[in-house]
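Enquirer: Okay, so here is final.cif, and as you'll see once you scroll down, it has mmCIF, C-alpha atoms.
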```cif
data_data
#
loop_
_atom_site.label_atom_id
_atom_site.label_comp_id
_atom_site.auth_asym_id
_atom_site.auth_seq_id
_atom_site.Cartn_x
_atom_site.Cartn_y
_atom_site.Cartn_z
CA MET A 1 0.00 0.00 0.00
CA ASN A 2 1.62 3.31 -1.03
CA THR A 3 2.23 6.33 1.21
CA SER A 4 -0.75 8.34 -0.06
CA ARG A 5 -3.16 5.54 0.87
CA VAL A 6 -1.64 5.24 4.36
CA LEU A 7 -1.88 8.99 4.97
CA LEU A 8 -5.43 9.14 3.67
CA PHE A 9 -6.67 6.29 5.86
CA SER A 10 -4.79 7.72 8.87
CA LEU A 11 -6.68 10.96 8.32
CA PHE A 12 -9.95 8.99 8.30
CA ILE A 13 -9.05 7.37 11.63
CA SER A 14 -8.09 10.72 13.19
CA LEU A 15 -11.39 12.26 12.15
CA PHE A 16 -13.32 9.31 13.55
CA LEU A 17 -11.54 9.35 16.91
CA ASN A 18 -12.13 13.09 17.25
CA VAL A 19 -15.88 12.89 16.73
CA SER A 20 -16.94 9.37 17.67
CA ALA A 21 -17.39 10.33 21.32
CA GLN A 22 -20.07 12.84 20.34
CA ASN A 23 -23.67 11.76 20.76
CA SER A 24 -25.68 10.91 17.69
CA THR A 25 -28.93 10.86 19.70
CA ASN A 26 -30.70 12.85 22.39
CA SER A 27 -33.45 10.29 22.89
CA PRO A 28 -34.51 9.48 26.49
CA SER A 29 -34.93 5.82 25.49
CA SER A 30 -31.15 5.64 24.94
CA MET A 31 -30.70 5.56 28.73
CA PHE A 32 -31.50 1.84 28.72
CA GLY A 33 -29.12 -0.99 27.84
CA ILE A 34 -26.16 -0.02 25.63
CA GLY A 35 -27.99 2.94 24.04
CA ASP A 36 -29.62 3.47 20.65
CA ILE A 37 -28.24 1.11 18.01
CA THR A 38 -26.77 2.76 14.89
CA VAL A 39 -25.64 -0.30 12.89
CA GLY A 40 -26.58 -0.20 9.19
CA GLU A 41 -27.32 3.52 9.03
CA ALA A 42 -24.48 4.37 6.72
CA GLY A 43 -23.46 4.20 3.12
CA LYS A 44 -25.45 4.20 -0.06
CA TYR A 45 -28.07 1.76 1.27
CA VAL A 46 -29.59 4.39 3.63
CA GLY A 47 -31.55 5.78 0.67
CA MET A 48 -32.80 2.27 -0.09
CA GLY A 49 -34.49 1.88 3.27
CA GLY A 50 -31.56 0.18 4.99
CA VAL A 51 -31.47 -2.94 2.81
CA GLY A 52 -28.10 -4.49 2.02
CA ILE A 53 -27.91 -8.17 2.99
CA ALA A 54 -28.26 -9.27 -0.65
CA LEU A 55 -26.79 -6.21 -2.42
CA ARG A 56 -23.57 -6.41 -4.42
CA SER A 57 -21.68 -3.57 -6.08
CA ASP A 58 -18.15 -2.73 -7.18
CA ASN A 59 -18.43 0.92 -6.10
CA PHE A 60 -19.34 0.79 -2.41
CA LEU A 61 -18.51 -1.16 0.76
CA ASN A 62 -21.46 -3.11 2.09
CA GLY A 63 -21.23 -3.03 5.90
CA LEU A 64 -24.31 -5.26 6.31
CA ASN A 65 -22.85 -8.38 4.68
CA PRO A 66 -19.07 -8.94 4.50
CA SER A 67 -19.39 -11.50 1.69
CA ALA A 68 -20.43 -8.66 -0.67
CA LEU A 69 -16.78 -7.54 -0.80
CA THR A 70 -16.18 -10.10 -3.56
CA ALA A 71 -18.09 -7.84 -5.96
CA MET A 72 -15.37 -5.17 -5.81
CA ASP A 73 -13.25 -4.37 -8.83
CA SER A 74 -10.09 -6.46 -8.47
CA ALA A 75 -7.83 -3.59 -9.54
CA LYS A 76 -9.17 -0.89 -7.19
CA PHE A 77 -8.84 0.36 -3.67
CA VAL A 78 -12.29 1.54 -2.53
CA TYR A 79 -12.53 4.20 0.20
CA GLU A 80 -15.69 5.26 2.02
CA ALA A 81 -16.60 7.96 4.51
CA GLY A 82 -20.05 8.98 5.73
CA ALA A 83 -21.75 11.33 8.17
CA ASN A 84 -25.25 12.37 9.17
CA VAL A 85 -27.26 15.16 10.81
CA SER A 86 -30.59 14.40 12.54
CA PHE A 87 -33.45 16.48 13.89
CA GLU A 88 -35.40 14.63 16.61
CA LYS A 89 -38.69 15.49 18.30
CA TYR A 90 -39.98 13.77 21.45
CA THR A 91 -43.52 14.01 22.77
CA THR A 92 -44.78 12.79 26.17
CA ARG A 93 -48.19 13.63 27.67
CA GLY A 94 -48.64 16.56 25.31
CA ARG A 95 -45.22 18.07 26.07
CA SER A 96 -42.59 18.19 23.32
CA SER A 97 -38.85 18.72 23.07
CA SER A 98 -36.40 18.55 20.21
CA SER A 99 -32.71 18.29 19.45
CA VAL A 100 -30.20 18.33 16.59
CA THR A 101 -27.35 15.80 16.51
CA GLY A 102 -24.73 14.63 14.06
CA ASN A 103 -21.74 12.33 13.76
CA ILE A 104 -19.42 10.35 11.53
CA ARG A 105 -21.18 7.13 10.48
CA ASN A 106 -18.57 5.06 8.67
CA LEU A 107 -14.95 5.09 7.58
CA GLY A 108 -13.49 2.23 5.57
CA ILE A 109 -11.16 0.95 2.89
CA GLY A 110 -11.54 -2.23 0.80
CA PHE A 111 -9.39 -4.08 -1.73
CA ARG A 112 -8.61 -7.49 -3.24
CA VAL A 113 -5.72 -9.23 -1.51
CA ILE A 114 -5.21 -12.13 -3.92
CA PRO A 115 -7.57 -13.82 -6.39
CA SER A 116 -10.72 -14.96 -4.57
CA TRP A 117 -9.75 -13.17 -1.30
CA TYR A 118 -11.04 -9.66 -0.55
CA ALA A 119 -10.62 -7.56 2.58
CA ALA A 120 -11.76 -4.32 4.18
CA ALA A 121 -10.95 -2.40 7.34
CA GLY A 122 -12.75 0.45 9.01
CA LEU A 123 -14.39 2.11 11.96
CA ALA A 124 -18.06 2.71 12.74
CA PRO A 125 -20.28 3.68 15.69
CA LEU A 126 -22.31 0.83 17.20
CA SER A 127 -24.55 2.59 19.74
CA SER A 128 -25.10 6.05 21.17
CA MET A 129 -26.43 7.35 24.49
CA GLY A 130 -27.56 10.93 25.00
CA TYR A 131 -30.36 12.33 27.16
CA ALA A 132 -31.21 14.98 29.75
CA ILE A 133 -34.47 14.55 31.70
CA THR A 134 -35.88 16.56 34.59
CA VAL A 135 -38.42 14.75 36.77
CA ASP A 136 -40.47 16.33 39.60
CA GLN A 137 -40.96 13.80 42.37
CA PRO A 138 -43.25 14.21 45.42
CA VAL A 139 -41.64 14.57 48.87
CA GLU A 140 -43.09 12.05 51.29
CA GLY A 141 -45.12 13.63 54.11
CA THR A 142 -45.43 16.99 52.37
CA GLU A 143 -47.27 18.55 49.47
CA GLY A 144 -44.04 19.71 47.86
CA THR A 145 -41.88 18.22 45.10
CA ILE A 146 -38.19 17.94 44.43
CA SER A 147 -36.59 17.98 40.99
CA SER A 148 -34.20 15.29 39.81
CA LEU A 149 -31.99 15.74 36.76
CA PHE A 150 -31.01 12.59 34.84
CA GLU A 151 -28.26 12.90 32.21
CA GLY A 152 -26.36 10.44 30.05
CA ASN A 153 -23.85 10.41 27.22
CA GLY A 154 -21.36 8.16 25.43
CA GLY A 155 -21.67 5.05 23.32
CA LEU A 156 -19.87 2.16 21.69
CA SER A 157 -17.75 2.05 18.53
CA LYS A 158 -16.11 -0.76 16.62
CA VAL A 159 -12.88 -1.26 14.70
CA TYR A 160 -13.34 -4.06 12.20
CA LEU A 161 -11.48 -6.19 9.69
CA SER A 162 -13.62 -7.89 7.05
CA ASN A 163 -12.63 -10.84 4.89
CA ALA A 164 -14.54 -12.38 2.00
CA PHE A 165 -13.80 -15.42 -0.13
CA LYS A 166 -15.19 -16.17 -3.57
CA PHE A 167 -15.56 -19.94 -3.83
CA SER A 168 -17.22 -19.88 -7.24
CA LYS A 169 -18.68 -17.45 -9.73
CA ASN A 170 -21.93 -17.49 -7.78
CA PHE A 171 -21.08 -18.18 -4.13
CA SER A 172 -19.20 -16.08 -1.54
CA LEU A 173 -18.58 -16.28 2.22
CA GLY A 174 -17.34 -13.55 4.54
CA PHE A 175 -16.81 -12.58 8.15
CA ASN A 176 -16.08 -9.50 10.26
CA LEU A 177 -13.64 -9.48 13.17
CA SER A 178 -14.40 -6.51 15.43
CA TYR A 179 -13.12 -4.91 18.60
CA ILE A 180 -15.98 -3.18 20.42
CA MET A 181 -15.07 -0.38 22.81
CA GLY A 182 -16.58 2.64 24.51
CA SER A 183 -18.04 4.07 27.69
CA THR A 184 -21.29 5.54 28.94
CA THR A 185 -21.78 8.08 31.71
CA GLN A 186 -25.11 8.35 33.53
CA SER A 187 -25.78 10.78 36.37
CA GLU A 188 -28.59 11.82 38.70
CA VAL A 189 -28.66 15.12 40.58
CA GLN A 190 -31.22 15.59 43.35
CA GLY A 191 -30.88 18.46 45.78
CA ASN A 192 -27.36 18.48 47.25
CA THR A 193 -26.56 14.95 46.11
CA SER A 194 -25.24 13.85 42.74
CA ILE A 195 -24.58 10.27 41.61
CA LYS A 196 -22.45 9.52 38.55
CA ASP A 197 -22.06 6.03 37.07
CA ILE A 198 -19.36 5.44 34.45
CA SER A 199 -19.35 2.13 32.58
CA TYR A 200 -16.40 1.08 30.41
CA LYS A 201 -17.35 -1.64 27.93
CA LYS A 202 -15.34 -3.77 25.53
CA ALA A 203 -15.54 -7.06 23.64
CA PHE A 204 -14.09 -8.97 20.73
CA TYR A 205 -16.75 -10.02 18.25
CA ALA A 206 -17.23 -11.89 14.98
CA ASP A 207 -20.18 -12.06 12.60
CA PHE A 208 -20.68 -13.83 9.31
CA GLY A 209 -22.34 -13.50 5.91
CA LEU A 210 -22.90 -15.34 2.65
CA GLN A 211 -24.27 -14.50 -0.79
CA TYR A 212 -25.37 -16.55 -3.77
CA ASN A 213 -26.26 -15.01 -7.13
CA ILE A 214 -27.86 -16.59 -10.18
CA ALA A 215 -28.76 -15.37 -13.67
CA LEU A 216 -32.48 -15.73 -14.34
CA ASN A 217 -32.10 -14.83 -18.01
CA LYS A 218 -30.05 -12.48 -20.19
CA LYS A 219 -31.43 -9.38 -18.47
CA TRP A 220 -32.24 -10.26 -14.86
CA ASN A 221 -30.11 -11.56 -11.98
CA MET A 222 -31.17 -12.63 -8.49
CA ASN A 223 -29.02 -12.43 -5.35
CA PHE A 224 -29.63 -14.17 -2.02
CA GLY A 225 -27.89 -13.16 1.18
CA GLY A 226 -27.69 -14.30 4.78
CA VAL A 227 -26.01 -12.91 7.93
CA TYR A 228 -25.44 -14.23 11.44
CA GLY A 229 -23.95 -12.86 14.66
CA TYR A 230 -23.71 -14.75 17.92
CA LYS A 231 -24.47 -13.57 21.48
CA GLN A 232 -21.41 -11.97 23.11
CA GLN A 233 -21.13 -10.74 26.68
CA LEU A 234 -19.53 -7.32 27.16
CA SER A 235 -16.66 -6.91 29.59
CA LEU A 236 -17.72 -4.18 32.04
CA ASN A 237 -15.76 -1.96 34.40
CA ASN A 238 -18.18 0.26 36.32
CA ASP A 239 -17.48 3.08 38.79
CA ARG A 240 -19.93 5.10 40.90
CA THR A 241 -19.16 8.48 42.43
CA VAL A 242 -21.50 10.04 45.02
CA ILE A 243 -21.00 13.70 45.90
CA ASN A 244 -22.79 15.59 48.69
CA SER A 245 -22.21 19.28 48.07
CA SER A 246 -23.50 20.35 51.49
CA SER A 247 -20.95 18.26 53.41
CA SER A 248 -18.24 18.16 50.71
CA GLU A 249 -18.18 14.37 50.97
CA THR A 250 -17.21 12.21 47.99
CA LEU A 251 -17.60 8.44 47.84
CA THR A 252 -16.27 6.29 45.00
CA GLU A 253 -17.05 2.59 44.66
CA LYS A 254 -16.99 -0.25 42.17
CA LEU A 255 -20.33 -1.46 40.84
CA HIS A 256 -21.33 -4.99 39.86
CA PRO A 257 -24.39 -4.51 37.63
CA LYS A 258 -26.26 -7.11 35.66
CA SER A 259 -24.53 -8.47 32.58
CA GLN A 260 -24.85 -6.73 29.22
CA PHE A 261 -24.64 -8.46 25.84
CA LEU A 262 -24.30 -7.94 22.16
CA PRO A 263 -27.35 -10.00 21.14
CA GLN A 264 -27.52 -12.90 18.73
CA TYR A 265 -29.03 -12.04 15.35
CA PHE A 266 -29.67 -13.55 11.96
CA GLY A 267 -31.12 -12.16 8.75
CA GLY A 268 -31.81 -12.86 5.12
CA GLY A 269 -32.21 -10.79 1.98
CA ILE A 270 -33.11 -11.05 -1.67
CA ALA A 271 -32.32 -8.72 -4.57
CA LEU A 272 -33.53 -8.70 -8.17
CA ASN A 273 -31.61 -6.55 -10.62
CA ASN A 274 -30.86 -5.75 -14.24
CA LYS A 275 -28.68 -3.05 -15.80
CA ARG A 276 -31.01 -0.23 -14.70
CA LEU A 277 -33.07 -1.37 -11.73
CA THR A 278 -32.41 -3.09 -8.39
CA LEU A 279 -35.21 -4.23 -6.08
CA SER A 280 -34.33 -5.63 -2.66
CA ALA A 281 -35.89 -6.75 0.64
CA ASP A 282 -34.31 -7.71 3.99
CA TYR A 283 -35.52 -9.34 7.20
CA LYS A 284 -33.50 -9.37 10.42
CA PHE A 285 -34.20 -10.95 13.82
CA THR A 286 -32.27 -9.76 16.90
CA GLN A 287 -32.54 -11.54 20.24
CA TRP A 288 -32.59 -8.56 22.62
CA SER A 289 -34.56 -10.53 25.22
CA VAL A 290 -31.24 -11.77 26.68
CA MET A 291 -30.71 -8.28 28.16
CA VAL A 292 -31.75 -7.85 31.80
CA SER A 293 -33.04 -4.46 32.98
CA ASP A 294 -32.23 -2.78 36.31
CA ASN A 295 -35.48 -0.81 36.02
CA SER A 296 -38.75 -2.55 36.96
CA SER A 297 -40.72 -0.57 34.35
CA VAL A 298 -38.33 -1.47 31.52
CA SER A 299 -37.78 -4.81 29.81
CA TYR A 300 -36.39 -6.04 26.50
CA CYS A 301 -37.97 -8.10 23.74
CA ASP A 302 -36.77 -9.68 20.52
CA GLN A 303 -36.78 -7.35 17.53
CA HIS A 304 -38.03 -8.02 13.99
CA VAL A 305 -36.98 -5.66 11.18
CA LEU A 306 -38.30 -5.65 7.60
CA ASN A 307 -36.85 -3.27 4.98
CA ILE A 308 -37.51 -2.84 1.26
CA GLY A 309 -35.75 -0.64 -1.28
CA ALA A 310 -35.15 0.18 -4.94
CA ASP A 311 -32.30 1.75 -6.92
CA LEU A 312 -32.85 3.12 -10.44
CA LEU A 313 -29.89 4.05 -12.66
CA SER A 314 -29.95 6.71 -15.34
CA GLY A 315 -27.36 7.88 -17.82
CA GLU A 316 -24.46 5.63 -18.80
CA SER A 317 -25.00 2.51 -16.67
CA PHE A 318 -21.44 1.18 -17.05
CA THR A 319 -19.32 4.28 -16.36
CA ASN A 320 -21.05 7.18 -14.57
CA PRO A 321 -24.67 6.34 -13.75
CA TRP A 322 -26.87 8.45 -11.50
CA HIS A 323 -28.65 6.53 -8.73
CA TYR A 324 -32.22 7.32 -7.64
CA MET A 325 -33.12 5.43 -4.48
CA ILE A 326 -36.22 4.91 -2.37
CA GLY A 327 -37.05 2.63 0.53
CA ALA A 328 -39.17 1.93 3.61
CA GLY A 329 -39.11 -0.26 6.70
CA VAL A 330 -40.91 -1.34 9.84
CA SER A 331 -39.69 -2.78 13.13
CA ASN A 332 -40.75 -3.22 16.73
CA SER A 333 -38.83 -1.45 19.48
CA TYR A 334 -36.73 -3.82 21.57
CA VAL A 335 -37.17 -1.54 24.61
CA VAL A 336 -40.51 -2.22 26.34
CA LEU A 337 -41.60 0.70 28.56
CA LYS A 338 -44.40 0.09 31.07
CA ASN A 339 -45.46 -3.02 29.11
CA LYS A 340 -45.93 -0.92 25.95
CA LYS A 341 -44.37 -2.20 22.72
CA PRO A 342 -44.09 0.65 20.21
CA MET A 343 -43.60 0.13 16.48
CA ASN A 344 -41.06 2.04 14.40
CA TYR A 345 -41.70 3.06 10.78
CA HIS A 346 -39.40 4.78 8.34
CA VAL A 347 -39.27 5.96 4.73
CA SER A 348 -36.18 7.12 2.86
CA ALA A 349 -34.92 8.43 -0.44
CA GLY A 350 -31.48 8.96 -1.89
CA LEU A 351 -29.50 10.31 -4.80
CA GLY A 352 -26.12 9.00 -5.96
CA ILE A 353 -24.11 11.42 -8.10
CA PRO A 354 -21.07 10.15 -10.05
CA VAL A 355 -17.92 12.21 -9.58
CA MET A 356 -15.43 11.07 -12.21
CA THR A 357 -15.31 7.41 -13.17
CA GLY A 358 -15.77 5.04 -10.26
CA ASN A 359 -16.48 7.68 -7.61
CA LEU A 360 -19.89 8.31 -6.06
CA VAL A 361 -21.36 10.94 -3.74
CA SER A 362 -24.58 9.69 -2.13
CA PHE A 363 -27.19 11.84 -0.39
CA GLY A 364 -29.94 10.27 1.69
CA VAL A 365 -32.93 11.51 3.66
CA LYS A 366 -34.84 9.41 6.18
CA TYR A 367 -37.99 10.03 8.21
CA GLU A 368 -38.72 7.82 11.23
CA SER A 369 -41.78 7.71 13.46
CA GLN A 370 -42.88 5.68 16.45
CA ALA A 371 -46.49 4.61 17.03
CA GLY A 372 -48.59 2.30 19.20
CA ALA A 373 -46.93 3.14 22.50
CA GLY A 374 -49.96 4.63 24.27
CA THR A 375 -50.58 8.16 25.52
CA ASN A 376 -48.26 8.00 28.54
CA VAL A 377 -45.19 6.70 26.71
CA GLN A 378 -42.78 8.91 24.82
CA LYS A 379 -43.21 9.12 21.03
CA ASN A 380 -40.29 9.91 18.74
CA GLN A 381 -40.04 11.48 15.31
CA MET A 382 -36.76 11.95 13.48
CA PHE A 383 -35.67 13.46 10.18
CA SER A 384 -32.10 12.62 9.13
CA PHE A 385 -29.79 13.72 6.32
CA PHE A 386 -26.93 11.43 5.27
CA LEU A 387 -23.85 12.07 3.16
CA ASN A 388 -21.61 9.25 1.93
CA LEU A 389 -18.47 9.50 -0.20
CA THR A 390 -17.20 6.48 -2.12
CA PHE A 391 -14.08 6.90 -4.21
CA ALA A 392 -11.72 4.45 -5.82
CA GLU A 393 -8.05 4.46 -6.70
CA ARG A 394 -7.10 2.20 -9.57
CA THR A 395 -3.87 0.32 -8.98
CA PRO A 396 -1.33 -0.54 -11.68
CA ARG A 397 -1.59 -4.17 -10.58
CA SER A 398 -4.58 -6.21 -9.47
CA LYS A 399 -2.91 -7.09 -6.16
CA ILE A 400 -1.62 -4.98 -3.27
CA TYR A 401 1.85 -6.50 -3.26
#
```
Represent the supplied structure as structure tokens.

Expert:
Amino acid sequence: MNTSRVLLFSLFISLFLNVSAQNSTNSPSSMFGIGDITVGEAGKYVGMGGVGIALRSDNFLNGLNPSALTAMDSAKFVYEAGANVSFEKYTTRGRSSSSVTGNIRNLGIGFRVIPSWYAAAGLAPLSSMGYAITVDQPVEGTEGTISSLFEGNGGLSKVYLSNAFKFSKNFSLGFNLSYIMGSTTQSEVQGNTSIKDISYKKAFYADFGLQYNIALNKKWNMNFGGVYGYKQQLSLNNDRTVINSSSSETLTEKLHPKSQFLPQYFGGGIALNNKRLTLSADYKFTQWSVMVSDNSSVSYCDQHVLNIGADLLSGESFTNPWHYMIGAGVSNSYVVLKNKKPMNYHVSAGLGIPVMTGNLVSFGVKYESQAGAGTNVQKNQMFSFFLNLTFAERTPRSKIY
């Protein structure tokens, strides 16, 4: 790998490390578990509703299925970087609040190592925690109330190395090796007393993918994809600090909370495409019920996600096509508040603009809404704007050595 590639990817890593600690959510529901999950909300497939398990392309890195790397041009290095800005609105019992957040979503580089072996490396956020809630609680024996302020921030990120192997013209297998790391800080201030809990989390993780593609006729192809990730317990190091401002007393202790996990998941996808049009659908099951809540009013349930999307090409389909994307999806929330199970719905659209041969700038917009949670449970609405840059450097040889 030449010096320019090393410097460029080092710049990517520096940018990620400088901004990854920033919150990409201000949702009160992120206070539970490991925070709001951000996996899959990056790259070109945002405009297609979040599909990607069965998608293959030589001009973008598919973070949803590592086996898709085998579709890359064998004589190119492919770089990707993405970011987003979101406007969120929360409504509870007729009262509303809003926030604006943003963050880097993905940084990566992919290439062919040797014939039939492809690889990629990168960084991406995994979850985000960010909230500030003021609650008025009654004082026992009086008619007065006392205010408590609950705040939280932080999240998890992953550094990953992907490998994919092309066993035949139609069949590919791949896997991701990831190091998960991050911390969350949650605090409560009531009167003269403040309590701050800091949790440092880490884990090594692997997940897997496969794809199989067939030609239906001279015009149409069909791709099938599958992904799987196993249950992995997080290594936790938790500290609690209690400060009483009136007496200037500070107490620090180690906590031993209930275990937290990266849940087991599996999913499947199908894509139908010709030179101009791609239609795709994904289903994913995530076993969040293994998580145990410290809050009696909060529990976790398994999540089902269904996404559909389409990508229409215009212009010269082989060199510099424009991409027009649209998609939608539905899922249940894995956080159950007061026995209420809200549903999440989203619609999205995107535009991919070619910038010189082999390079693509993708814009995506996504609207999300939550429904079915009841009048006393918070409802969320979010409008997000995504930007993704994919650019390729053609090498004089088809290998990196």

Enquirer: Do a neighbour search on Phe385 in chain A at 12 Å with all atoms listed in the file, toss out local chain neighbours closer than 4 positions, and write the hits as an MDAnalysis selection string.

Expert: chainID A and resid 41:43 46:47 82:88 100:103 105 348:351 362:368

Enquirer: Report the residues retrieved by the PyMOL selection byres ((chain A and resi 165) around 10) from the displayed file, expressed as an mmCIF file with C-alpha atoms, keeping the file's coordinate frame.

Expert:
```
data_model
loop_
_atom_site.group_PDB
_atom_site.id
_atom_site.type_symbol
_atom_site.label_atom_id
_atom_site.label_comp_id
_atom_site.auth_asym_id
_atom_site.auth_seq_id
_atom_site.Cartn_x
_atom_site.Cartn_y
_atom_site.Cartn_z
ATOM 1 C CA PRO A 66 -19.070 -8.940 4.500
ATOM 2 C CA SER A 67 -19.390 -11.500 1.690
ATOM 3 C CA ALA A 68 -20.430 -8.660 -0.670
ATOM 4 C CA LEU A 69 -16.780 -7.540 -0.800
ATOM 5 C CA THR A 70 -16.180 -10.100 -3.560
ATOM 6 C CA ARG A 112 -8.610 -7.490 -3.240
ATOM 7 C CA ILE A 114 -5.210 -12.130 -3.920
ATOM 8 C CA PRO A 115 -7.570 -13.820 -6.390
ATOM 9 C CA SER A 116 -10.720 -14.960 -4.570
ATOM 10 C CA TRP A 117 -9.750 -13.170 -1.300
ATOM 11 C CA TYR A 118 -11.040 -9.660 -0.550
ATOM 12 C CA ALA A 119 -10.620 -7.560 2.580
ATOM 13 C CA ASN A 163 -12.630 -10.840 4.890
ATOM 14 C CA ALA A 164 -14.540 -12.380 2.000
ATOM 15 C CA LYS A 166 -15.190 -16.170 -3.570
ATOM 16 C CA PHE A 167 -15.560 -19.940 -3.830
ATOM 17 C CA SER A 168 -17.220 -19.880 -7.240
ATOM 18 C CA PHE A 171 -21.080 -18.180 -4.130
ATOM 19 C CA SER A 172 -19.200 -16.080 -1.540
ATOM 20 C CA LEU A 173 -18.580 -16.280 2.220
ATOM 21 C CA GLY A 174 -17.340 -13.550 4.540
ATOM 22 C CA PHE A 175 -16.810 -12.580 8.150
ATOM 23 C CA LEU A 210 -22.900 -15.340 2.650
#
```

Enquirer: First collect every listed atom of range 224-233 of chain A; then fit an axis-aligned box around them, widen it by 4 Å on each side, and give centre and edge lengths in Å to one decimal, as AutoDock Vina command-line options.

Expert:
```
--center_x -25.4 --center_y -12.7 --center_z 12.3 --size_x 16.5 --size_y 12.0 --size_z 36.7
```

Enquirer: Would you work out the distance separating CA of Val242 in chain A from CA of Asn192 in chain A, expressed in Å to one decimal?

Expert: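 CA of Asn192 in chain A lies at a distance of 10.5 Å from CA of Val242 in chain A.
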
Enquirer: Have a look at A:Gly329, A:Ser194, A:Tyr230, A:Cys301 and name the one nearest to Ser248 in chain A; count all atoms listed in the file.

Expert: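 Counting all atoms listed in the file, the residue closest to Ser248 in chain A is A:Ser194.
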